$ cat coords17.tsv   # TSV, C-alpha atoms and all ligand atoms
chain	number	residue	atom	x	y	z
A	17	MET	CA	-18.65	3.26	-17.29
A	18	ASN	CA	-20.07	5.38	-14.50
A	19	ASP	CA	-18.96	4.03	-11.21
A	20	PHE	CA	-16.63	4.51	-8.29
A	21	VAL	CA	-13.09	3.48	-7.41
A	22	ARG	CA	-11.78	3.88	-3.88
A	23	ILE	CA	-8.18	5.05	-3.88
A	24	VAL	CA	-6.08	3.80	-0.98
A	25	GLU	CA	-3.42	6.47	-0.62
A	26	VAL	CA	-0.21	4.76	0.53
A	27	GLY	CA	2.21	7.67	0.07
A	28	PRO	CA	2.82	8.41	3.75
A	29	ARG	CA	3.77	4.73	4.30
A	30	ASP	CA	4.93	3.04	1.09
A	31	GLY	CA	6.03	6.36	-0.36
A	32	LEU	CA	8.18	7.40	2.56
A	33	GLN	CA	9.51	4.04	3.79
A	34	ASN	CA	12.10	3.88	1.02
A	35	GLU	CA	13.17	7.53	1.14
A	36	LYS	CA	16.79	8.21	1.96
A	37	THR	CA	16.00	11.86	2.74
A	38	HIS	CA	14.88	12.10	6.34
A	39	VAL	CA	11.35	13.48	6.51
A	40	ALA	CA	10.46	15.38	9.68
A	41	THR	CA	7.57	14.10	11.77
A	42	ALA	CA	5.77	17.43	11.36
A	43	ASP	CA	6.03	17.12	7.56
A	44	LYS	CA	4.57	13.60	7.66
A	45	ILE	CA	1.66	14.90	9.72
A	46	GLN	CA	1.20	17.80	7.34
A	47	LEU	CA	1.27	15.43	4.35
A	48	ILE	CA	-1.52	13.32	5.86
A	49	GLY	CA	-3.49	16.48	6.68
A	50	ARG	CA	-3.22	17.74	3.13
A	51	LEU	CA	-4.21	14.35	1.72
A	52	SER	CA	-7.19	14.24	4.10
A	53	ALA	CA	-8.46	17.48	2.57
A	54	THR	CA	-8.48	16.11	-1.00
A	55	GLY	CA	-11.47	13.80	-0.55
A	56	LEU	CA	-9.46	10.59	-0.16
A	57	LYS	CA	-11.27	8.14	2.10
A	58	THR	CA	-8.36	5.83	2.98
A	59	ILE	CA	-4.86	7.05	3.83
A	60	GLU	CA	-2.27	4.54	5.01
A	61	ALA	CA	-0.57	6.68	7.60
A	62	THR	CA	2.58	4.88	8.69
A	63	SER	CA	4.06	1.57	9.70
A	64	PHE	CA	4.68	-0.02	13.10
A	65	VAL	CA	7.48	-2.26	11.86
A	66	SER	CA	10.88	-2.59	13.48
A	67	PRO	CA	12.59	0.83	13.48
A	68	ARG	CA	15.85	-0.99	12.80
A	69	TRP	CA	14.42	-2.32	9.55
A	70	VAL	CA	12.73	0.91	8.44
A	71	PRO	CA	14.32	3.87	10.27
A	72	GLN	CA	12.33	6.45	8.27
A	73	LEU	CA	9.11	5.36	10.01
A	74	ALA	CA	10.51	5.05	13.53
A	75	ASP	CA	8.26	7.96	14.51
A	76	ALA	CA	5.06	6.03	13.69
A	77	ALA	CA	3.48	6.62	17.11
A	78	GLU	CA	4.17	10.38	17.01
A	79	VAL	CA	2.88	10.65	13.46
A	80	TYR	CA	-0.32	8.79	14.20
A	81	ALA	CA	-0.93	10.73	17.39
A	82	GLY	CA	-0.40	14.01	15.51
A	83	ILE	CA	-2.87	13.42	12.69
A	84	GLN	CA	-6.02	15.51	12.66
A	85	ARG	CA	-8.36	12.69	11.80
A	86	ARG	CA	-11.26	13.59	9.55
A	87	PRO	CA	-14.57	11.86	10.12
A	88	GLY	CA	-15.21	9.38	7.34
A	89	VAL	CA	-11.52	8.91	6.54
A	90	ALA	CA	-9.73	5.70	7.55
A	91	TYR	CA	-6.06	5.84	8.56
A	92	PRO	CA	-4.75	2.26	8.47
A	93	VAL	CA	-1.18	1.42	9.46
A	94	LEU	CA	1.11	-1.49	8.59
A	95	VAL	CA	1.91	-4.03	11.32
A	96	PRO	CA	4.25	-7.01	10.85
A	97	ASN	CA	3.59	-8.84	14.12
A	98	GLU	CA	1.77	-8.66	17.45
A	99	GLN	CA	4.32	-6.21	18.80
A	100	GLY	CA	3.45	-3.83	15.97
A	101	TYR	CA	-0.24	-4.39	16.62
A	102	GLU	CA	0.19	-3.48	20.28
A	103	ARG	CA	2.15	-0.31	19.44
A	104	ALA	CA	-0.60	0.68	17.00
A	105	LEU	CA	-3.41	-0.07	19.40
A	106	ALA	CA	-1.71	2.01	22.09
A	107	VAL	CA	-2.11	5.17	19.98
A	108	GLY	CA	-5.71	4.43	19.00
A	109	VAL	CA	-5.34	2.87	15.55
A	110	ARG	CA	-8.65	1.46	14.24
A	111	GLU	CA	-7.37	-0.34	11.12
A	112	VAL	CA	-4.17	-2.28	10.46
A	113	ALA	CA	-2.65	-4.02	7.46
A	114	VAL	CA	-0.66	-7.24	7.65
A	115	PHE	CA	1.68	-8.22	4.84
A	116	THR	CA	3.21	-11.31	3.36
A	117	ALA	CA	4.20	-12.44	-0.14
A	118	ALA	CA	3.59	-15.02	-2.82
A	119	SER	CA	7.30	-15.85	-3.00
A	120	GLU	CA	9.25	-17.36	-0.15
A	121	GLN	CA	12.61	-15.61	-0.47
A	122	PHE	CA	11.13	-12.14	-0.79
A	123	ASN	CA	9.08	-12.70	2.34
A	124	ARG	CA	12.15	-13.88	4.25
A	125	THR	CA	14.15	-10.86	3.16
A	126	ASN	CA	11.30	-8.49	4.01
A	127	THR	CA	10.11	-9.97	7.31
A	128	ASN	CA	12.59	-12.64	8.38
A	129	ALA	CA	9.89	-15.31	8.07
A	130	GLY	CA	8.61	-17.80	5.54
A	131	ILE	CA	5.12	-17.33	4.10
A	132	ASP	CA	3.41	-19.90	6.32
A	133	GLU	CA	5.24	-18.61	9.36
A	134	SER	CA	4.03	-15.09	8.61
A	135	LEU	CA	0.44	-16.33	8.24
A	136	GLN	CA	0.82	-17.94	11.67
A	137	ARG	CA	2.05	-14.59	13.03
A	138	PHE	CA	-1.12	-12.94	11.75
A	139	ALA	CA	-3.57	-15.39	13.38
A	140	PRO	CA	-3.35	-13.81	16.87
A	141	ILE	CA	-3.48	-10.31	15.34
A	142	LEU	CA	-6.71	-11.17	13.51
A	143	ALA	CA	-8.20	-12.74	16.64
A	144	ARG	CA	-7.34	-9.72	18.77
A	145	ALA	CA	-8.47	-7.27	16.11
A	146	ALA	CA	-11.86	-8.98	15.88
A	147	ALA	CA	-12.25	-8.63	19.66
A	148	ASP	CA	-10.98	-5.01	19.59
A	149	GLY	CA	-13.20	-3.99	16.67
A	150	VAL	CA	-10.12	-3.19	14.53
A	151	LYS	CA	-10.32	-3.80	10.78
A	152	VAL	CA	-7.54	-5.79	9.13
A	153	ARG	CA	-6.39	-5.51	5.54
A	154	GLY	CA	-3.94	-7.99	4.00
A	155	TYR	CA	-1.19	-7.53	1.43
A	156	VAL	CA	0.32	-10.13	-0.87
A	157	SER	CA	3.61	-8.97	-2.39
A	158	THR	CA	5.37	-10.23	-5.53
A	159	VAL	CA	2.12	-11.23	-7.28
A	160	LEU	CA	3.57	-10.56	-10.74
A	161	GLY	CA	7.22	-11.38	-10.15
A	162	CYS	CA	9.87	-11.68	-7.47
A	163	PRO	CA	13.33	-10.09	-7.34
A	164	TYR	CA	14.79	-13.43	-6.18
A	165	GLN	CA	12.85	-16.26	-7.86
A	166	GLY	CA	11.64	-14.40	-10.97
A	167	GLU	CA	8.31	-15.86	-12.12
A	168	VAL	CA	5.76	-16.50	-9.39
A	169	PRO	CA	3.23	-19.29	-10.04
A	170	LEU	CA	-0.38	-18.08	-10.08
A	171	ALA	CA	-1.33	-20.88	-7.70
A	172	ASP	CA	0.96	-19.38	-5.05
A	173	VAL	CA	-0.66	-15.94	-5.39
A	174	VAL	CA	-4.13	-17.47	-5.15
A	175	ARG	CA	-3.21	-19.61	-2.15
A	176	VAL	CA	-1.82	-16.71	-0.10
A	177	ALA	CA	-4.58	-14.24	-1.05
A	178	ALA	CA	-7.27	-16.81	-0.19
A	179	ALA	CA	-5.56	-17.62	3.11
A	180	LEU	CA	-5.54	-13.94	4.15
A	181	HIS	CA	-9.19	-13.55	3.20
A	182	ARG	CA	-10.18	-16.74	5.01
A	183	MET	CA	-8.34	-15.58	8.13
A	184	GLY	CA	-10.52	-12.46	8.24
A	185	CYS	CA	-8.81	-9.75	6.18
A	186	TYR	CA	-11.71	-7.70	4.81
A	187	GLU	CA	-9.64	-6.75	1.78
A	188	VAL	CA	-6.59	-8.27	0.15
A	189	SER	CA	-4.28	-5.99	-1.80
A	190	LEU	CA	-2.32	-7.61	-4.61
A	191	GLY	CA	1.17	-6.13	-4.84
A	192	ASP	CA	3.32	-5.98	-7.94
A	193	THR	CA	6.14	-5.05	-5.61
A	194	ILE	CA	8.80	-4.61	-8.29
A	195	GLY	CA	6.50	-3.33	-11.03
A	196	VAL	CA	7.31	-6.00	-13.60
A	197	GLY	CA	3.74	-6.84	-14.59
A	198	THR	CA	2.12	-6.13	-17.95
A	199	PRO	CA	-1.63	-5.77	-18.67
A	200	ARG	CA	-2.60	-9.26	-19.82
A	201	LYS	CA	-0.55	-10.91	-17.12
A	202	ALA	CA	-2.01	-8.61	-14.46
A	203	ARG	CA	-5.55	-9.32	-15.59
A	204	THR	CA	-4.96	-13.07	-15.71
A	205	MET	CA	-3.56	-12.93	-12.18
A	206	LEU	CA	-6.53	-10.95	-10.91
A	207	LYS	CA	-8.97	-13.31	-12.58
A	208	ALA	CA	-7.33	-16.31	-10.95
A	209	VAL	CA	-7.49	-14.71	-7.50
A	210	ALA	CA	-11.06	-13.52	-8.06
A	211	ALA	CA	-12.10	-17.13	-8.64
A	212	GLU	CA	-11.28	-17.79	-4.97
A	213	VAL	CA	-11.77	-14.40	-3.28
A	214	PRO	CA	-14.74	-12.10	-4.07
A	215	VAL	CA	-13.53	-9.35	-6.37
A	216	ASP	CA	-15.02	-6.67	-4.12
A	217	ALA	CA	-12.58	-7.84	-1.41
A	218	LEU	CA	-9.57	-7.27	-3.69
A	219	ALA	CA	-7.36	-4.26	-4.35
A	220	LEU	CA	-4.58	-3.50	-6.81
A	221	HIS	CA	-1.19	-2.32	-5.57
A	222	PHE	CA	1.06	-1.71	-8.52
A	223	HIS	CA	4.53	-0.20	-8.56
A	224	ASP	CA	5.58	1.57	-11.74
A	225	THR	CA	9.14	0.42	-12.41
A	226	TYR	CA	8.54	-0.22	-16.12
A	227	GLY	CA	5.80	2.37	-16.63
A	228	GLN	CA	3.11	-0.34	-16.83
A	229	ALA	CA	1.08	0.39	-13.71
A	230	LEU	CA	-1.70	2.49	-15.30
A	231	ALA	CA	-2.13	0.02	-18.15
A	232	ASN	CA	-2.24	-2.83	-15.64
A	233	ILE	CA	-4.87	-1.03	-13.57
A	234	ALA	CA	-7.01	-0.24	-16.63
A	235	SER	CA	-6.85	-3.87	-17.65
A	236	CYS	CA	-7.78	-5.18	-14.19
A	237	LEU	CA	-10.73	-2.76	-13.89
A	238	GLU	CA	-12.32	-4.86	-16.65
A	239	GLU	CA	-12.50	-7.73	-14.14
A	240	GLY	CA	-14.53	-5.58	-11.75
A	241	VAL	CA	-11.93	-4.61	-9.14
A	242	ARG	CA	-12.75	-1.19	-7.65
A	243	VAL	CA	-10.02	-0.47	-5.08
A	244	VAL	CA	-6.64	0.88	-6.18
A	245	ASP	CA	-3.61	1.67	-4.03
A	246	ALA	CA	-1.45	4.58	-5.15
A	247	ALA	CA	1.08	7.03	-3.72
A	248	VAL	CA	0.91	10.76	-4.22
A	249	SER	CA	3.83	12.02	-6.31
A	250	GLY	CA	4.65	8.40	-7.26
A	251	ALA	CA	6.90	8.12	-4.25
A	252	GLY	CA	8.05	4.89	-2.77
A	253	GLY	CA	9.33	1.39	-3.11
A	254	CYS	CA	10.20	-1.46	-0.84
A	255	PRO	CA	13.63	-1.25	0.81
A	256	TYR	CA	13.79	-5.06	0.74
A	257	ALA	CA	12.93	-5.47	-2.96
A	258	ARG	CA	15.93	-4.89	-5.16
A	259	GLY	CA	15.01	-2.67	-8.12
A	260	ALA	CA	11.58	-1.68	-6.80
A	261	SER	CA	10.64	1.85	-7.77
A	262	GLY	CA	7.74	3.99	-6.64
A	263	ASN	CA	4.06	3.22	-6.54
A	264	VAL	CA	1.87	4.36	-9.35
A	265	ALA	CA	1.19	8.06	-8.73
A	266	SER	CA	-2.23	8.77	-7.21
A	267	GLU	CA	-2.63	11.88	-9.39
A	268	ASP	CA	-2.12	9.80	-12.56
A	269	VAL	CA	-4.62	7.16	-11.40
A	270	VAL	CA	-7.24	9.79	-10.54
A	271	TYR	CA	-6.72	11.58	-13.87
A	272	MET	CA	-7.16	8.31	-15.76
A	273	LEU	CA	-10.24	7.24	-13.81
A	274	HIS	CA	-12.01	10.60	-14.14
A	275	GLY	CA	-11.26	10.52	-17.85
A	276	MET	CA	-12.91	7.08	-18.01
A	277	GLY	CA	-16.02	8.45	-16.29
A	278	ILE	CA	-15.20	6.68	-13.02
A	279	GLU	CA	-15.62	8.72	-9.85
A	280	THR	CA	-13.10	8.78	-7.02
A	281	GLY	CA	-14.37	11.64	-4.84
A	282	VAL	CA	-10.86	13.11	-5.02
A	283	ASP	CA	-10.07	16.73	-5.92
A	284	LEU	CA	-7.38	16.20	-8.55
A	285	LEU	CA	-5.96	19.73	-8.38
A	286	ALA	CA	-5.58	19.56	-4.59
A	287	LEU	CA	-3.96	16.12	-4.89
A	288	ALA	CA	-1.52	17.32	-7.55
A	289	GLU	CA	-0.63	20.33	-5.44
A	290	THR	CA	0.04	18.00	-2.46
A	291	GLY	CA	2.25	15.82	-4.66
A	292	ARG	CA	4.32	18.83	-5.71
A	293	TRP	CA	4.55	19.97	-2.09
A	294	LEU	CA	5.83	16.52	-1.04
A	295	ALA	CA	8.33	16.44	-3.89
A	296	GLY	CA	9.58	19.83	-2.71
A	297	ARG	CA	10.12	18.44	0.80
A	298	LEU	CA	12.07	15.57	-0.75
A	299	GLY	CA	14.11	18.00	-2.84
A	300	ARG	CA	12.98	16.92	-6.29
A	301	GLU	CA	10.32	17.26	-8.96
A	302	THR	CA	7.06	15.36	-8.53
A	303	GLY	CA	7.11	11.82	-9.94
A	304	SER	CA	3.57	12.29	-11.27
A	305	ARG	CA	3.23	13.34	-14.90
A	306	THR	CA	-0.27	14.61	-14.13
A	307	GLY	CA	1.16	16.59	-11.23
A	308	ARG	CA	3.68	18.23	-13.56
A	309	ALA	CA	1.10	18.90	-16.28
A	310	LEU	CA	-1.21	20.60	-13.80
A	311	ALA	CA	1.48	22.75	-12.20
A	312	PRO	CA	0.71	26.48	-12.31
A	313	THR	CA	2.90	28.29	-14.83
A	401	LIG	P1	13.20	-9.69	13.43
A	401	LIG	O1	14.54	-9.03	13.51
A	401	LIG	O2	13.12	-11.12	13.02
A	401	LIG	O3	12.35	-9.45	14.77
A	401	LIG	O4	12.34	-8.81	12.41
A	401	LIG	P2	12.37	-10.15	16.17
A	401	LIG	O5	10.97	-10.55	16.50
A	401	LIG	O6	13.45	-11.21	16.22
A	401	LIG	O7	12.79	-8.94	17.14
A	401	LIG	C1	14.08	-8.33	17.01
A	401	LIG	C2	14.02	-6.93	17.61
A	401	LIG	O8	13.10	-6.13	16.88
A	401	LIG	C3	13.56	-6.91	19.06
A	401	LIG	O9	14.22	-5.82	19.69
A	401	LIG	C4	12.10	-6.56	18.96
A	401	LIG	O10	11.62	-5.91	20.11
A	401	LIG	C5	12.09	-5.61	17.77
A	401	LIG	P3	15.52	-6.04	20.61
A	401	LIG	O11	15.06	-6.98	21.68
A	401	LIG	O12	16.58	-6.65	19.71
A	401	LIG	O13	15.85	-4.65	21.06
A	401	LIG	N1	10.79	-5.60	17.08
A	401	LIG	C6	10.00	-4.51	16.92
A	401	LIG	N2	10.18	-3.22	17.30
A	401	LIG	C7	9.17	-2.37	17.01
A	401	LIG	N3	8.06	-2.73	16.33
A	401	LIG	C8	7.86	-3.99	15.93
A	401	LIG	C9	8.86	-4.94	16.23
A	401	LIG	N4	8.99	-6.27	15.98
A	401	LIG	C10	10.15	-6.64	16.51
A	401	LIG	N5	6.75	-4.32	15.26
A	401	LIG	C11	10.23	-7.95	11.65
A	401	LIG	C12	11.01	-9.19	12.05
A	401	LIG	C13	8.95	-8.45	10.99
A	401	LIG	C14	9.92	-7.14	12.89
A	401	LIG	C15	11.09	-7.12	10.67
A	401	LIG	O14	11.51	-7.96	9.63
A	401	LIG	C16	10.35	-5.95	10.09
A	401	LIG	O15	10.00	-5.01	10.77
A	401	LIG	N6	10.12	-5.97	8.73
A	401	LIG	C17	9.38	-4.94	8.05
A	401	LIG	C18	10.05	-4.60	6.74
A	401	LIG	C19	9.22	-3.57	6.02
A	401	LIG	O16	8.61	-2.72	6.63
A	401	LIG	N7	9.17	-3.68	4.68
A	401	LIG	C20	8.40	-2.79	3.90
A	401	LIG	C21	6.92	-2.96	4.05
A	401	LIG	S1	6.22	-4.25	3.04
A	401	LIG	C22	6.03	-3.51	1.48
A	401	LIG	O17	6.50	-2.44	1.25
A	401	LIG	C23	5.22	-4.22	0.44
A	401	LIG	C24	3.81	-3.60	0.27
A	401	LIG	O18	3.90	-2.23	-0.07
A	401	LIG	C25	3.08	-4.35	-0.86
A	401	LIG	C26	3.90	-4.46	-2.15
A	401	LIG	O19	4.32	-3.43	-2.70
A	401	LIG	O20	4.10	-5.59	-2.57
A	401	LIG	C27	3.00	-3.75	1.55
A	402	MG	MG	4.26	-1.40	-2.07
$ encode --input "coords17.tsv" --output "structure tokens" --more "lines below"
Ligand code: HMG
Ligand code: MG
Amino acid sequence: MNDFVRIVEVGPRDGLQNEKTHVATADKIQLIGRLSATGLKTIEATSFVSPRWVPQLADAAEVYAGIQRRPGVAYPVLVPNEQGYERALAVGVREVAVFTAASEQFNRTNTNAGIDESLQRFAPILARAAADGVKVRGYVSTVLGCPYQGEVPLADVVRVAAALHRMGCYEVSLGDTIGVGTPRKARTMLKAVAAEVPVDALALHFHDTYGQALANIASCLEEGVRVVDAAVSGAGGCPYARGASGNVASEDVVYMLHGMGIETGVDLLALAETGRWLAGRLGRETGSRTGRALAPT
């Protein structure tokens, strides 16, 4: 293989949203600055959700306003509703991500709305974004299992992913929110979704609870998907998904891809150094094995 995977770095959002340790606004801005210098082309910067639901990201507007934006790098933010969209627009955001799930109870716990209700919430966001020239990405959570209902039927994953794409999301990211997937199951899921949504409009978003995320990614690459979400230092998790651990570590994904002859445009050493820096701010060792292996002795 000699091709390219775009990494969507979600550390500043998914990584930090579940952190108990308060992270200073200046550190969040510095994290995004460091990530911007590694060659990453997409960095999810923060989240304009309710500050009561996710207090860690209550400073979203200050963070976004403080970023030194690099030309050629996109800085999407999460928005749950029109109010979030308006807050984002007010600070000049050019790309947002909406999020729902393939399982009803998870979506209610995460956003206080059923799946269809959340899709209805997104319709005005997509209409306004089209008029404002803002790009919209969509997330489907619990694609390989739900903390409340357990197994999630493939048909439900396909239905929600196709709905987001039909509504105008340029890319739909498939979230194994609680990291329960395994390679064959992940690939089967991707294949089913790719029958309804073009594979080049799909992304993988795998958490690493059971250490399966890299294997799942490698398996799904065989189906042609070329966008992978990951969080530097393996930080993260969803505060409304019981048992959810961090995202797959960006450093580990980049190491694997480069080893497979797939380009990412990312400077692995700089990324690993950023992951160790972040871990230091959080008062622990990096969650990336690659980051530890590459640490200077
Ligand atoms: P709600 O309580 O039903 O909201 O929450 P509401 O519309 O009834 O409003 C209640 C109050 O919240 C009001 O304030 C609103 O103004 C305020 P009050 O009048 O009481 O003072 N409010 C807001 N404030 C700021 N920004 C907003 C906003 N919206 C309402 N945007 C809501 C509904 C969707 C807002 C809430 O449930 C929420 O914010 N949920 C987000 C939870 C979250 O961020 N979860 C993690 C992200 S998803 C994830 O991690 C999964 C992913 O990584 C993929 C994967 O791994 O699977 C993406
Ligand atoms: Mg996530």
$ residues_near_ligand --input "coords17.tsv" --ligand "ligand LIG 401 (chain A)" --cutoff "7 Å" --atoms "all atoms listed in the file" --output "ChimeraX atom specification"
/A:30,33,63-67,69-70,95-100,115,126-128,155-158,191-193,221-223,253-256
$ closest_residue --input "coords17.tsv" --among "A:Gly252, A:Gly303, A:Gly227, A:Gly184" --to "ligand MG 402 (chain A)" --atoms "all atoms listed in the file"
A:Gly252
$ closest_residue --input "coords17.tsv" --among "A:Val196, A:Val173, A:Ile131, A:Val109" --to "Asp148 in chain A" --atoms "all atoms listed in the file"
A:Val109
$ closest_residue --input "coords17.tsv" --among "A:Ala246, A:Val269, A:Ile59, A:Val150" --to "ligand MG 402 (chain A)" --atoms "all atoms listed in the file"
A:Ala246
$ residues_near_point --input "coords17.tsv" --point "(10.4, 20.1, -8.2)" --cutoff "12 Å" --atoms "all atoms listed in the file" --output "PDB file with C-alpha atoms, in the coordinates of the input"
ATOM      1  CA  SER A 249       3.830  12.020  -6.310  1.00  0.00           C
ATOM      2  CA  GLU A 289      -0.630  20.330  -5.440  1.00  0.00           C
ATOM      3  CA  GLY A 291       2.250  15.820  -4.660  1.00  0.00           C
ATOM      4  CA  ARG A 292       4.320  18.830  -5.710  1.00  0.00           C
ATOM      5  CA  TRP A 293       4.550  19.970  -2.090  1.00  0.00           C
ATOM      6  CA  LEU A 294       5.830  16.520  -1.040  1.00  0.00           C
ATOM      7  CA  ALA A 295       8.330  16.440  -3.890  1.00  0.00           C
ATOM      8  CA  GLY A 296       9.580  19.830  -2.710  1.00  0.00           C
ATOM      9  CA  ARG A 297      10.120  18.440   0.800  1.00  0.00           C
ATOM     10  CA  LEU A 298      12.070  15.570  -0.750  1.00  0.00           C
ATOM     11  CA  GLY A 299      14.110  18.000  -2.840  1.00  0.00           C
ATOM     12  CA  ARG A 300      12.980  16.920  -6.290  1.00  0.00           C
ATOM     13  CA  GLU A 301      10.320  17.260  -8.960  1.00  0.00           C
ATOM     14  CA  THR A 302       7.060  15.360  -8.530  1.00  0.00           C
ATOM     15  CA  GLY A 303       7.110  11.820  -9.940  1.00  0.00           C
ATOM     16  CA  SER A 304       3.570  12.290 -11.270  1.00  0.00           C
ATOM     17  CA  ARG A 305       3.230  13.340 -14.900  1.00  0.00           C
ATOM     18  CA  GLY A 307       1.160  16.590 -11.230  1.00  0.00           C
ATOM     19  CA  ARG A 308       3.680  18.230 -13.560  1.00  0.00           C
ATOM     20  CA  ALA A 311       1.480  22.750 -12.200  1.00  0.00           C
TER      21      ALA A 311
END
$ axis_aligned_box --input "coords17.tsv" --around "range 261-266 of chain A" --padding-each-side "4 Å" --output "AutoDock Vina command-line options"
--center_x 4.2 --center_y 5.3 --center_z -7.9 --size_x 20.9 --size_y 14.9 --size_z 10.8
$ residues_near_point --input "coords17.tsv" --point "(-15.1, 7.7, -7.2)" --cutoff "7 Å" --atoms "all atoms listed in the file" --output "list in words"
Asp19, Phe20, Val21, Arg22, Ile278, Glu279, Thr280 and Gly281 of chain A
$ residues_around --input "coords17.tsv" --residues "range 218-220 of chain A" --least-positions-apart "3" --cutoff "9 Å" --atoms "all atoms listed in the file" --output "PyMOL selection string"
chain A and resi 24+177+186-192+206+209-210+213-215+233+236+241-246
$ atom_distance --input "coords17.tsv" --atom1 "CA of Glu167 in chain A" --atom2 "CA of Asp132 in chain A"
19.5 Å
$ closest_residue --input "coords17.tsv" --among "A:Tyr91, A:Tyr226, A:Phe122, A:Tyr271" --to "Asp283 in chain A" --atoms "all atoms listed in the file"
A:Tyr271
$ closest_residue --input "coords17.tsv" --among "A:Arg175, A:His181, A:Arg200, A:His38" --to "Glu238 in chain A" --atoms "all atoms listed in the file"
A:Arg200
$ atom_distance --input "coords17.tsv" --atom1 "CA of Ala40 in chain A" --atom2 "CA of Asn263 in chain A"
21.3 Å
$ residues_around --input "coords17.tsv" --residues "Lys57 in chain A" --least-positions-apart "3" --cutoff "8 Å" --atoms "only C-alpha atoms" --output "list in words"
Arg22, Ile23, Val24, Ser52, Gly88, Val89 and Ala90 of chain A
$ residues_around --input "coords17.tsv" --residues "Gln46 in chain A" --least-positions-apart "5" --cutoff "12 Å" --atoms "only C-alpha atoms" --output "ChimeraX atom specification"
/A:28,39-41,51-53,61,79-80,82-85,290,293-294,297
$ atom_distance --input "coords17.tsv" --atom1 "CA of Arg203 in chain A" --atom2 "CA of Ser261 in chain A"
21.2 Å
$ closest_residue --input "coords17.tsv" --among "A:Glu267, A:Ala257, A:Ala104, A:Met276" --to "Leu237 in chain A" --atoms "only C-alpha atoms"
A:Met276
$ build_atoms --input "coords17.tsv" --residues "range 220-236 of chain A" --atoms "N, CA and C atoms" --output "PDB file, keeping the file's coordinate frame"
ATOM      1  N   LEU A 220      -5.798  -3.459  -5.996  1.00  0.00           N
ATOM      2  CA  LEU A 220      -4.580  -3.500  -6.810  1.00  0.00           C
ATOM      3  C   LEU A 220      -3.521  -2.613  -6.179  1.00  0.00           C
ATOM      4  N   HIS A 221      -2.288  -3.101  -6.169  1.00  0.00           N
ATOM      5  CA  HIS A 221      -1.190  -2.320  -5.570  1.00  0.00           C
ATOM      6  C   HIS A 221       0.007  -2.447  -6.502  1.00  0.00           C
ATOM      7  N   PHE A 222       0.061  -1.540  -7.472  1.00  0.00           N
ATOM      8  CA  PHE A 222       1.060  -1.710  -8.520  1.00  0.00           C
ATOM      9  C   PHE A 222       2.155  -0.642  -8.440  1.00  0.00           C
ATOM     10  N   HIS A 223       3.387  -1.111  -8.455  1.00  0.00           N
ATOM     11  CA  HIS A 223       4.530  -0.200  -8.560  1.00  0.00           C
ATOM     12  C   HIS A 223       4.805   0.022 -10.054  1.00  0.00           C
ATOM     13  N   ASP A 224       5.547   1.106 -10.345  1.00  0.00           N
ATOM     14  CA  ASP A 224       5.580   1.570 -11.740  1.00  0.00           C
ATOM     15  C   ASP A 224       6.966   1.493 -12.376  1.00  0.00           C
ATOM     16  N   THR A 225       7.744   0.522 -11.979  1.00  0.00           N
ATOM     17  CA  THR A 225       9.140   0.420 -12.410  1.00  0.00           C
ATOM     18  C   THR A 225       9.293   0.503 -13.935  1.00  0.00           C
ATOM     19  N   TYR A 226       8.445  -0.200 -14.644  1.00  0.00           N
ATOM     20  CA  TYR A 226       8.540  -0.220 -16.120  1.00  0.00           C
ATOM     21  C   TYR A 226       7.455   0.625 -16.794  1.00  0.00           C
ATOM     22  N   GLY A 227       6.818   1.501 -16.030  1.00  0.00           N
ATOM     23  CA  GLY A 227       5.800   2.370 -16.630  1.00  0.00           C
ATOM     24  C   GLY A 227       4.528   1.634 -17.037  1.00  0.00           C
ATOM     25  N   GLN A 228       4.267   0.485 -16.433  1.00  0.00           N
ATOM     26  CA  GLN A 228       3.110  -0.340 -16.830  1.00  0.00           C
ATOM     27  C   GLN A 228       1.925  -0.225 -15.892  1.00  0.00           C
ATOM     28  N   ALA A 229       2.094   0.478 -14.770  1.00  0.00           N
ATOM     29  CA  ALA A 229       1.080   0.390 -13.710  1.00  0.00           C
ATOM     30  C   ALA A 229      -0.305   0.866 -14.174  1.00  0.00           C
ATOM     31  N   LEU A 230      -0.382   1.989 -14.871  1.00  0.00           N
ATOM     32  CA  LEU A 230      -1.700   2.490 -15.300  1.00  0.00           C
ATOM     33  C   LEU A 230      -2.361   1.516 -16.261  1.00  0.00           C
ATOM     34  N   ALA A 231      -1.577   0.993 -17.185  1.00  0.00           N
ATOM     35  CA  ALA A 231      -2.130   0.020 -18.150  1.00  0.00           C
ATOM     36  C   ALA A 231      -2.612  -1.226 -17.410  1.00  0.00           C
ATOM     37  N   ASN A 232      -1.843  -1.641 -16.419  1.00  0.00           N
ATOM     38  CA  ASN A 232      -2.240  -2.830 -15.640  1.00  0.00           C
ATOM     39  C   ASN A 232      -3.540  -2.565 -14.889  1.00  0.00           C
ATOM     40  N   ILE A 233      -3.649  -1.376 -14.308  1.00  0.00           N
ATOM     41  CA  ILE A 233      -4.870  -1.030 -13.570  1.00  0.00           C
ATOM     42  C   ILE A 233      -6.070  -1.023 -14.525  1.00  0.00           C
ATOM     43  N   ALA A 234      -5.904  -0.340 -15.667  1.00  0.00           N
ATOM     44  CA  ALA A 234      -7.010  -0.240 -16.630  1.00  0.00           C
ATOM     45  C   ALA A 234      -7.466  -1.641 -17.050  1.00  0.00           C
ATOM     46  N   SER A 235      -6.516  -2.517 -17.237  1.00  0.00           N
ATOM     47  CA  SER A 235      -6.850  -3.870 -17.650  1.00  0.00           C
ATOM     48  C   SER A 235      -7.598  -4.626 -16.544  1.00  0.00           C
ATOM     49  N   CYS A 236      -7.140  -4.467 -15.317  1.00  0.00           N
ATOM     50  CA  CYS A 236      -7.780  -5.180 -14.190  1.00  0.00           C
ATOM     51  C   CYS A 236      -9.161  -4.619 -13.857  1.00  0.00           C
TER      52      CYS A 236
END
